[in-house]
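Student: Handing you this structure, nothing more for now.
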Amino acid sequence: MKVMKFGGTSVGKPERMHQVATLISQNNQPKIIVLSALSGTTNSLIEICNLLEQGNRETAKQKIDELEIHYKNFIIDLLSKEEYQAKAYEFISEHFDFLNIILKISFSEALSKDILAQGELLSTKLFSTYLSEVGIHHTLLPALEFMTIDNNEEPQIGSIKVKLTQLLQQHSNCTIFVTQGYICRNAKGEIDNLKRGGSDYTASLIAAAINASVCEIWTDIDGLHNNDPRIVDKTYAIEQLSFDEAAELAYFGAKILHPACIWPAQHFNIPVKLLNTMQPSAFGTLINDNKPTKGVKAVAAKDGIIAIKVKSSRMLLAYGFLKRIFEVFEKYKTSIDMVTTSEVAVSVTIDNNTHLKKIILELSEFSSVELVFEQTIISIVGNEINAQNEIMPKIFSAISQIPVTMVSYGGSGHNISLLVPRNLKNQTLKALNTGLFDL
Ligand code: ASP
Ligand code: MG
């Protein structure tokens with residue numbers, strides 16, 4: 001059995017949905033299809049939640065109405081038979097009636113999760129209706145019946161496996177299953193989600209749970225590129241990556257894949273393929289651990305980084321200083337990306353400034369703190385990158401004109417990270433493309 005996940009843009013237009021239907025019905029191999037919400041829907045639903053939280057019901061109502069019109073127009077081109085259009089019209093109305101009822105209830109976090117779930121519930125129902133119209137036999141599997149997270153918001157892979165296997169067994173003559181990405185139930189049994197972009201995570205959790213032959217992630221780009229194609233002219237899709245390389249790239253800016261989606265696939269050794277709905281025959285990128293390679297594979301960038309420089313003369317020959325610093329970040333649930341140290345100072349970077357003020361206040365109790373805003377992490381990724389002597393001189397000669405804020409080398413063995421001012425990001429990426437890939 002394989003898993004095929006289609007993102008928002010792959011289902012965002014009626015003709016794209018038709019294309020997905022063709023793609024999934026090309027052979028008889030059993031498969032689970034995971035769908036995102038139509039592109040733009042989750043953003044609109046988040047906007048509606050924010051408006052409701054601010055008590056701005058009028059604008060929220062306007063947004064809900066706009067979205068309802070969008071869906072009702074969508075089915076005109078998606079479906080051609082009146083009977084199916086009427087069916088779709090009915091369930092769209094039901095979902096929007098629900099949103100309109102929510103408008104009248106006082107806002108809560110739990111309610112916002114119900115609102116956010118509507119996108120994937122609608123996209124899968126629309127797709128399923130289309131499959132029925134064109135006579136493609138399939139089963140719609142409700143993700144809320146098997147996808148669960150625990151108190152720490154961690155997916156419960158054991159229980160997902162048991163519940164999903166049971167559901168699949170109830171339809172043993174079926175080869176195409178369709179389910180929602182992103183949505184799940186939390187430890188209280190309430191509707192919840194796997195965070196933004198979480199449909200990739202759903203796909204790899206399902207692939208792990210059913211021991212799939214492959215987890216295919218279908219998007220609108222032909223795989224992970226060696227550099228950011230939006231910024232750098234000459235880039236190419238990487239044919240193969242190890243799980244570790246893919247994890248570094250997914251985390252550091254390569255938006256095509258949700259970072260959390262790597263671990264289930266890696267742990268259960270399920271190959272992941274990144275494929276392009278617009279160009280289905282292109283090879284894409286294969287992520288597995290079968291073919292360990294050496295050398296630099298790719299460069300990726302992550303914006304919105306703040307560097308925090310913590311200095312204390314008391315650190316000289318002292319122990320426990322790092323612990324004290326990290327405890328402050330732990331207390332405020334703020335994760336650290338890069339760390340560099342000298343004998344009397346430690347620099348760290350964060351990308352989440354929610355608790356920045358409190359963090360600085362606490363750090364200032366035992367050290368002096370300096371902040372550098374508007375930074376970008378440039379991550380250079382490749383297996384055993386640290387073992388290759390020629391790479392460091394290549395990097396530093398390529399970026400000789402860039403005032404680098406921090407360098408982190410030796411942490412994972414397949415990553416060298418540079419912190420540079422945000423306004424020099426493009427220049428750095430271009431210089432590294434020439435210096436490392438001769439492009
Ligand atoms: N619809 C959700 C989002 O936009 C989940 C996903 O597409 O992966 O974040
Ligand atoms: Mg995505």
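Ordering of the structure tokens sets the chain letters (A, B, ...); residue numbers start at 1 within each chain; ligands are numbered from 1 in the order shown.
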Around ligand 2, at most 10 Å away and counting only C-alpha atoms and all ligand atoms, which residues are there? Put them as a VMD selection string, please.
Tutor: chain A and resid 5 to 9 36 39 182 196 to 201 217 to 219 255 to 258
Student: Can you tell me which residues surround Val162 of chain A at a distance of at most 10 Å, considering only C-alpha atoms, apart from same-chain residues fewer than 5 positions away, and format the answer as a PDB file with N, CA and C atoms, in the first residue's frame?
Tutor:
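Writing the result to around_22.pdb gives the following:
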ATOM      1  N   PHE A 146      -9.078   8.167  13.613  1.00  0.00           N
ATOM      2  CA  PHE A 146      -7.846   7.402  13.883  1.00  0.00           C
ATOM      3  C   PHE A 146      -6.630   8.266  14.211  1.00  0.00           C
ATOM      4  N   ILE A 157       1.385   6.974  17.682  1.00  0.00           N
ATOM      5  CA  ILE A 157       1.540   6.111  16.517  1.00  0.00           C
ATOM      6  C   ILE A 157       0.946   4.711  16.724  1.00  0.00           C
ATOM      7  N   LEU A 167     -10.086   0.194  10.502  1.00  0.00           N
ATOM      8  CA  LEU A 167     -10.907   0.878   9.489  1.00  0.00           C
ATOM      9  C   LEU A 167     -10.653   0.308   8.095  1.00  0.00           C
ATOM     10  N   ALA A 209       2.267   4.014  10.026  1.00  0.00           N
ATOM     11  CA  ALA A 209       1.281   3.150  10.685  1.00  0.00           C
ATOM     12  C   ALA A 209       0.920   1.929   9.838  1.00  0.00           C
ATOM     13  N   ILE A 210       0.900   2.079   8.531  1.00  0.00           N
ATOM     14  CA  ILE A 210       0.509   0.939   7.683  1.00  0.00           C
ATOM     15  C   ILE A 210       1.718   0.307   7.000  1.00  0.00           C
TER      16      ILE A 210
END
Student: Between A:Ser10, A:Gln427, A:Glu68, A:Asn226, which residue has the minimum interatomic distance to Met278 of chain A, considering only C-alpha atoms?
Tutor: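 Checking each of A:Ser10, A:Gln427, A:Glu68, A:Asn226 against Met278 of chain A, counting only C-alpha atoms, the winner is A:Ser10.
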Student: Tell me which protein, DNA and RNA residues are within 7 Å of segment 139-142 of chain A, counting only C-alpha atoms, leaving out same-chain ones fewer than 3 positions away, and put them as a list in words.
Tutor: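 These residues fall inside the cut-off: Ser128, Glu145, Ile176, Phe177, Val178, Thr179 and Gln180 of chain A.
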Student: Run DSSP on the backbone and grab whatever in segment 50-197 of chain A lands in alpha helix (DSSP H); send it over as number ranges by chain.
Tutor: A: 50-53, 57-78, 82-102, 109-133, 157-169
Student: So, counting only C-alpha atoms, which residue among A:Ser281, A:Lys302, A:Val369, A:Gly320 is closest to Ile350 of chain A?
Tutor: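 Distance minimum relative to Ile350 of chain A lands on A:Lys302.
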Student: Which of these residues is nearest to Thr22 of chain A, using only C-alpha atoms: A:Phe243, A:Thr277, A:Phe91, A:Gly55?
Tutor: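 Ranking A:Phe243, A:Thr277, A:Phe91, A:Gly55 by distance to Thr22 of chain A, first place goes to A:Thr277.
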Student: Looking at only C-alpha atoms and all ligand atoms, which of A:Met1, A:Ala117, A:Leu99, A:Ile32 is the one that sits closest to ligand 1?
Tutor: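 Nearest to ligand 1: A:Ala117.
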Student: Counting only C-alpha atoms and all ligand atoms, figure out which residue out of A:Lys161, A:Lys113, A:Lys311, A:Lys331 gets nearest to ligand 1.
Tutor: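 Nearest candidate to ligand 1 out of A:Lys161, A:Lys113, A:Lys311, A:Lys331: A:Lys113.
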Student: How many Å lie between atom CA of Ile325 of chain A and atom CA of Ser367 of chain A, rounded to one decimal?
Tutor: 9.4 Å
Student: What lies within 12 Å of Phe396 of chain A using only C-alpha atoms, ignoring chain neighbours under 2 positions off, as a PDB file with C-alpha atoms, in the first residue's frame?
Tutor:
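As a result, out.pdb now contains:
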ATOM      1  CA  GLU A 390      37.758  21.371   0.866  1.00  0.00           C
ATOM      2  CA  ILE A 391      34.276  22.571   1.822  1.00  0.00           C
ATOM      3  CA  MET A 392      35.160  25.160   4.451  1.00  0.00           C
ATOM      4  CA  PRO A 393      37.590  27.096   2.222  1.00  0.00           C
ATOM      5  CA  LYS A 394      35.027  26.984  -0.594  1.00  0.00           C
ATOM      6  CA  ALA A 398      32.416  32.349  -1.701  1.00  0.00           C
ATOM      7  CA  ILE A 399      31.139  34.598   1.071  1.00  0.00           C
ATOM      8  CA  SER A 400      34.260  36.670   1.648  1.00  0.00           C
ATOM      9  CA  GLN A 401      32.227  39.868   1.159  1.00  0.00           C
ATOM     10  CA  ILE A 402      29.535  38.939   3.710  1.00  0.00           C
ATOM     11  CA  PRO A 403      29.804  40.036   7.358  1.00  0.00           C
ATOM     12  CA  VAL A 404      28.760  36.778   9.019  1.00  0.00           C
ATOM     13  CA  VAL A 407      28.927  30.195  12.341  1.00  0.00           C
ATOM     14  CA  ILE A 416      27.084  23.970   8.470  1.00  0.00           C
ATOM     15  CA  LEU A 418      25.850  30.633   8.908  1.00  0.00           C
ATOM     16  CA  THR A 428      24.849  34.942   0.195  1.00  0.00           C
ATOM     17  CA  ALA A 431      27.513  33.444  -3.885  1.00  0.00           C
ATOM     18  CA  LEU A 432      27.204  29.949  -2.412  1.00  0.00           C
ATOM     19  CA  GLY A 435      31.089  28.714  -4.967  1.00  0.00           C
ATOM     20  CA  LEU A 436      29.671  25.299  -4.053  1.00  0.00           C
TER      21      LEU A 436
END
Student: Applying 7 Å and only C-alpha atoms, which residues near segment 385-387 of chain A remain after dropping the ones on its own chain fewer than 2 positions away? List them as an mmCIF file with all heavy atoms, in the first residue's frame.
Tutor:
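This went into out.cif:
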data_model
loop_
_atom_site.group_PDB
_atom_site.id
_atom_site.type_symbol
_atom_site.label_atom_id
_atom_site.label_comp_id
_atom_site.auth_asym_id
_atom_site.auth_seq_id
_atom_site.Cartn_x
_atom_site.Cartn_y
_atom_site.Cartn_z
ATOM 1 N N LYS A 294 28.233 11.716 -0.429
ATOM 2 C CA LYS A 294 29.001 12.754 0.256
ATOM 3 C C LYS A 294 28.972 14.040 -0.558
ATOM 4 O O LYS A 294 28.625 14.008 -1.727
ATOM 5 C CB LYS A 294 30.435 12.278 0.443
ATOM 6 C CG LYS A 294 30.538 11.195 1.503
ATOM 7 C CD LYS A 294 31.966 10.853 1.808
ATOM 8 C CE LYS A 294 32.008 9.689 2.782
ATOM 9 N NZ LYS A 294 33.284 9.019 2.765
ATOM 10 N N GLY A 295 29.370 15.116 0.075
ATOM 11 C CA GLY A 295 29.411 16.392 -0.655
ATOM 12 C C GLY A 295 28.221 17.258 -0.299
ATOM 13 O O GLY A 295 27.262 16.789 0.308
ATOM 14 N N VAL A 296 28.288 18.524 -0.694
ATOM 15 C CA VAL A 296 27.196 19.440 -0.390
ATOM 16 C C VAL A 296 26.017 19.131 -1.303
ATOM 17 O O VAL A 296 26.165 19.008 -2.512
ATOM 18 C CB VAL A 296 27.636 20.908 -0.594
ATOM 19 C CG1 VAL A 296 26.476 21.834 -0.322
ATOM 20 C CG2 VAL A 296 28.795 21.242 0.313
ATOM 21 N N GLY A 382 24.708 18.451 3.683
ATOM 22 C CA GLY A 382 25.250 17.324 2.918
ATOM 23 C C GLY A 382 25.757 16.272 3.887
ATOM 24 O O GLY A 382 26.239 16.620 4.965
ATOM 25 N N ASN A 383 25.653 14.989 3.534
ATOM 26 C CA ASN A 383 26.140 13.935 4.429
ATOM 27 C C ASN A 383 27.629 14.109 4.713
ATOM 28 O O ASN A 383 28.403 14.376 3.800
ATOM 29 C CB ASN A 383 25.962 12.563 3.770
ATOM 30 C CG ASN A 383 24.512 12.131 3.820
ATOM 31 O OD1 ASN A 383 23.808 12.398 4.788
ATOM 32 N ND2 ASN A 383 24.059 11.488 2.762
ATOM 33 N N ASN A 389 37.477 18.345 3.854
ATOM 34 C CA ASN A 389 38.308 19.521 4.102
ATOM 35 C C ASN A 389 38.116 20.656 3.111
ATOM 36 O O ASN A 389 38.273 21.814 3.459
ATOM 37 C CB ASN A 389 39.791 19.116 4.087
ATOM 38 C CG ASN A 389 40.090 18.187 5.232
ATOM 39 O OD1 ASN A 389 39.389 18.201 6.250
ATOM 40 N ND2 ASN A 389 41.095 17.348 5.070
ATOM 41 N N GLY A 410 29.938 21.429 12.918
ATOM 42 C CA GLY A 410 30.326 20.280 13.733
ATOM 43 C C GLY A 410 29.206 19.721 14.579
ATOM 44 O O GLY A 410 29.367 18.706 15.239
ATOM 45 N N GLY A 413 27.122 16.935 11.737
ATOM 46 C CA GLY A 413 27.862 16.149 10.754
ATOM 47 C C GLY A 413 27.338 16.322 9.344
ATOM 48 O O GLY A 413 28.006 15.963 8.395
ATOM 49 N N HIS A 414 26.130 16.853 9.214
ATOM 50 C CA HIS A 414 25.660 17.081 7.844
ATOM 51 C C HIS A 414 25.109 18.485 7.671
ATOM 52 O O HIS A 414 24.239 18.716 6.858
ATOM 53 C CB HIS A 414 24.643 16.021 7.410
ATOM 54 C CG HIS A 414 23.846 15.470 8.532
ATOM 55 N ND1 HIS A 414 24.038 14.202 9.021
ATOM 56 C CD2 HIS A 414 22.912 16.042 9.295
ATOM 57 C CE1 HIS A 414 23.224 14.011 10.029
ATOM 58 N NE2 HIS A 414 22.537 15.112 10.208
ATOM 59 N N ASN A 415 25.611 19.387 8.461
ATOM 60 C CA ASN A 415 25.103 20.753 8.370
ATOM 61 C C ASN A 415 26.161 21.764 8.822
ATOM 62 O O ASN A 415 26.829 21.572 9.824
ATOM 63 C CB ASN A 415 23.865 20.842 9.275
ATOM 64 C CG ASN A 415 23.376 22.240 9.456
ATOM 65 O OD1 ASN A 415 24.081 23.100 9.986
ATOM 66 N ND2 ASN A 415 22.168 22.505 9.030
#
Student: So that I can see what lies close to Phe96 of chain A, please list as number ranges by chain the residues with an atom at most 8 Å from it, counting only C-alpha atoms and leaving out residues fewer than 4 positions away in the same chain.
Tutor: A: 64, 68, 92, 100
Student: Kindly save the residues from that selection, with C-alpha atoms included, as an mmCIF file, in the first residue's frame.
Tutor:
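Saved to out-v8.cif:
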data_model
loop_
_atom_site.group_PDB
_atom_site.id
_atom_site.type_symbol
_atom_site.label_atom_id
_atom_site.label_comp_id
_atom_site.auth_asym_id
_atom_site.auth_seq_id
_atom_site.Cartn_x
_atom_site.Cartn_y
_atom_site.Cartn_z
ATOM 1 C CA ILE A 64 -17.338 33.317 5.997
ATOM 2 C CA GLU A 68 -18.953 30.009 1.037
ATOM 3 C CA ILE A 92 -21.100 22.945 1.715
ATOM 4 C CA ASN A 100 -22.405 30.720 11.138
#
Student: Where in segment 221-418 of chain A does DSSP assign strand (DSSP E), given as an MDAnalysis selection string?
Tutor: chainID A and resid 240:241 272:276 285:287 298:311 336:341 345:350 368:381 406:409 415:418
Student: Once you have the residues from the selection above, write them out as a PDB file, in the first residue's frame, restricted to C-alpha atoms.
Tutor:
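So result.pdb came out as:
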ATOM      1  CA  GLN A 240      18.200  11.698  -3.645  1.00  0.00           C
ATOM      2  CA  LEU A 241      18.598  12.827  -0.058  1.00  0.00           C
ATOM      3  CA  VAL A 272       9.480   9.582   0.884  1.00  0.00           C
ATOM      4  CA  LYS A 273       9.098  10.919  -2.652  1.00  0.00           C
ATOM      5  CA  LEU A 274       8.513  14.549  -3.516  1.00  0.00           C
ATOM      6  CA  LEU A 275       6.639  14.792  -6.795  1.00  0.00           C
ATOM      7  CA  ASN A 276       5.088  17.462  -8.993  1.00  0.00           C
ATOM      8  CA  THR A 285      13.315  13.876  -4.996  1.00  0.00           C
ATOM      9  CA  LEU A 286      13.649  10.521  -3.271  1.00  0.00           C
ATOM     10  CA  ILE A 287      14.371  10.559   0.458  1.00  0.00           C
ATOM     11  CA  ALA A 298      21.833  21.935  -0.900  1.00  0.00           C
ATOM     12  CA  VAL A 299      21.664  25.360   0.669  1.00  0.00           C
ATOM     13  CA  ALA A 300      18.548  26.640   2.410  1.00  0.00           C
ATOM     14  CA  ALA A 301      17.657  29.815   4.279  1.00  0.00           C
ATOM     15  CA  LYS A 302      15.424  30.585   7.209  1.00  0.00           C
ATOM     16  CA  ASP A 303      14.380  34.178   7.914  1.00  0.00           C
ATOM     17  CA  GLY A 304      13.041  35.899  10.992  1.00  0.00           C
ATOM     18  CA  ILE A 305      15.934  34.916  13.219  1.00  0.00           C
ATOM     19  CA  ILE A 306      17.051  36.808  16.314  1.00  0.00           C
ATOM     20  CA  ALA A 307      20.549  36.316  17.709  1.00  0.00           C
ATOM     21  CA  ILE A 308      20.914  36.633  21.481  1.00  0.00           C
ATOM     22  CA  LYS A 309      24.429  37.189  22.777  1.00  0.00           C
ATOM     23  CA  VAL A 310      24.766  36.335  26.441  1.00  0.00           C
ATOM     24  CA  LYS A 311      27.958  37.429  28.125  1.00  0.00           C
ATOM     25  CA  ILE A 336      17.053  27.420  20.040  1.00  0.00           C
ATOM     26  CA  ASP A 337      18.382  26.861  16.513  1.00  0.00           C
ATOM     27  CA  MET A 338      22.064  27.783  16.550  1.00  0.00           C
ATOM     28  CA  VAL A 339      24.522  27.946  19.436  1.00  0.00           C
ATOM     29  CA  THR A 340      28.090  29.221  19.502  1.00  0.00           C
ATOM     30  CA  THR A 341      30.264  29.736  22.535  1.00  0.00           C
ATOM     31  CA  ALA A 345      29.965  34.367  26.013  1.00  0.00           C
ATOM     32  CA  VAL A 346      27.280  32.267  24.432  1.00  0.00           C
ATOM     33  CA  SER A 347      25.283  33.237  21.363  1.00  0.00           C
ATOM     34  CA  VAL A 348      22.059  31.516  20.467  1.00  0.00           C
ATOM     35  CA  THR A 349      19.402  32.116  17.856  1.00  0.00           C
ATOM     36  CA  ILE A 350      15.637  31.833  18.095  1.00  0.00           C
ATOM     37  CA  SER A 368      24.702  41.050  29.919  1.00  0.00           C
ATOM     38  CA  VAL A 369      22.503  40.486  26.905  1.00  0.00           C
ATOM     39  CA  GLU A 370      22.732  41.869  23.403  1.00  0.00           C
ATOM     40  CA  LEU A 371      20.175  41.308  20.635  1.00  0.00           C
ATOM     41  CA  VAL A 372      20.674  41.254  16.881  1.00  0.00           C
ATOM     42  CA  PHE A 373      17.430  41.328  14.898  1.00  0.00           C
ATOM     43  CA  GLU A 374      16.580  40.689  11.251  1.00  0.00           C
ATOM     44  CA  GLN A 375      18.921  37.763  10.737  1.00  0.00           C
ATOM     45  CA  THR A 376      18.773  34.768   8.390  1.00  0.00           C
ATOM     46  CA  ILE A 377      20.208  31.301   8.928  1.00  0.00           C
ATOM     47  CA  ILE A 378      21.852  29.914   5.825  1.00  0.00           C
ATOM     48  CA  SER A 379      22.178  26.190   6.179  1.00  0.00           C
ATOM     49  CA  ILE A 380      24.583  24.211   4.010  1.00  0.00           C
ATOM     50  CA  VAL A 381      23.574  20.562   4.010  1.00  0.00           C
ATOM     51  CA  MET A 406      27.568  33.511  13.635  1.00  0.00           C
ATOM     52  CA  VAL A 407      28.927  30.195  12.341  1.00  0.00           C
ATOM     53  CA  SER A 408      27.924  26.772  13.571  1.00  0.00           C
ATOM     54  CA  TYR A 409      29.942  23.789  12.415  1.00  0.00           C
ATOM     55  CA  ASN A 415      25.103  20.753   8.370  1.00  0.00           C
ATOM     56  CA  ILE A 416      27.084  23.970   8.470  1.00  0.00           C
ATOM     57  CA  SER A 417      25.022  26.997   9.440  1.00  0.00           C
ATOM     58  CA  LEU A 418      25.850  30.633   8.908  1.00  0.00           C
TER      59      LEU A 418
END
Student: Quote the spacing between atom CA of Asn423 of chain A and atom CA of Ala247 of chain A in Å to one decimal place.
Tutor: 25.7 Å
Student: From the list A:Ala187, A:Ile76, A:Cys261, A:Ala282, which residue is nearest ligand 1 when using only C-alpha atoms and all ligand atoms?
Tutor: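 Closest candidate: A:Cys261.
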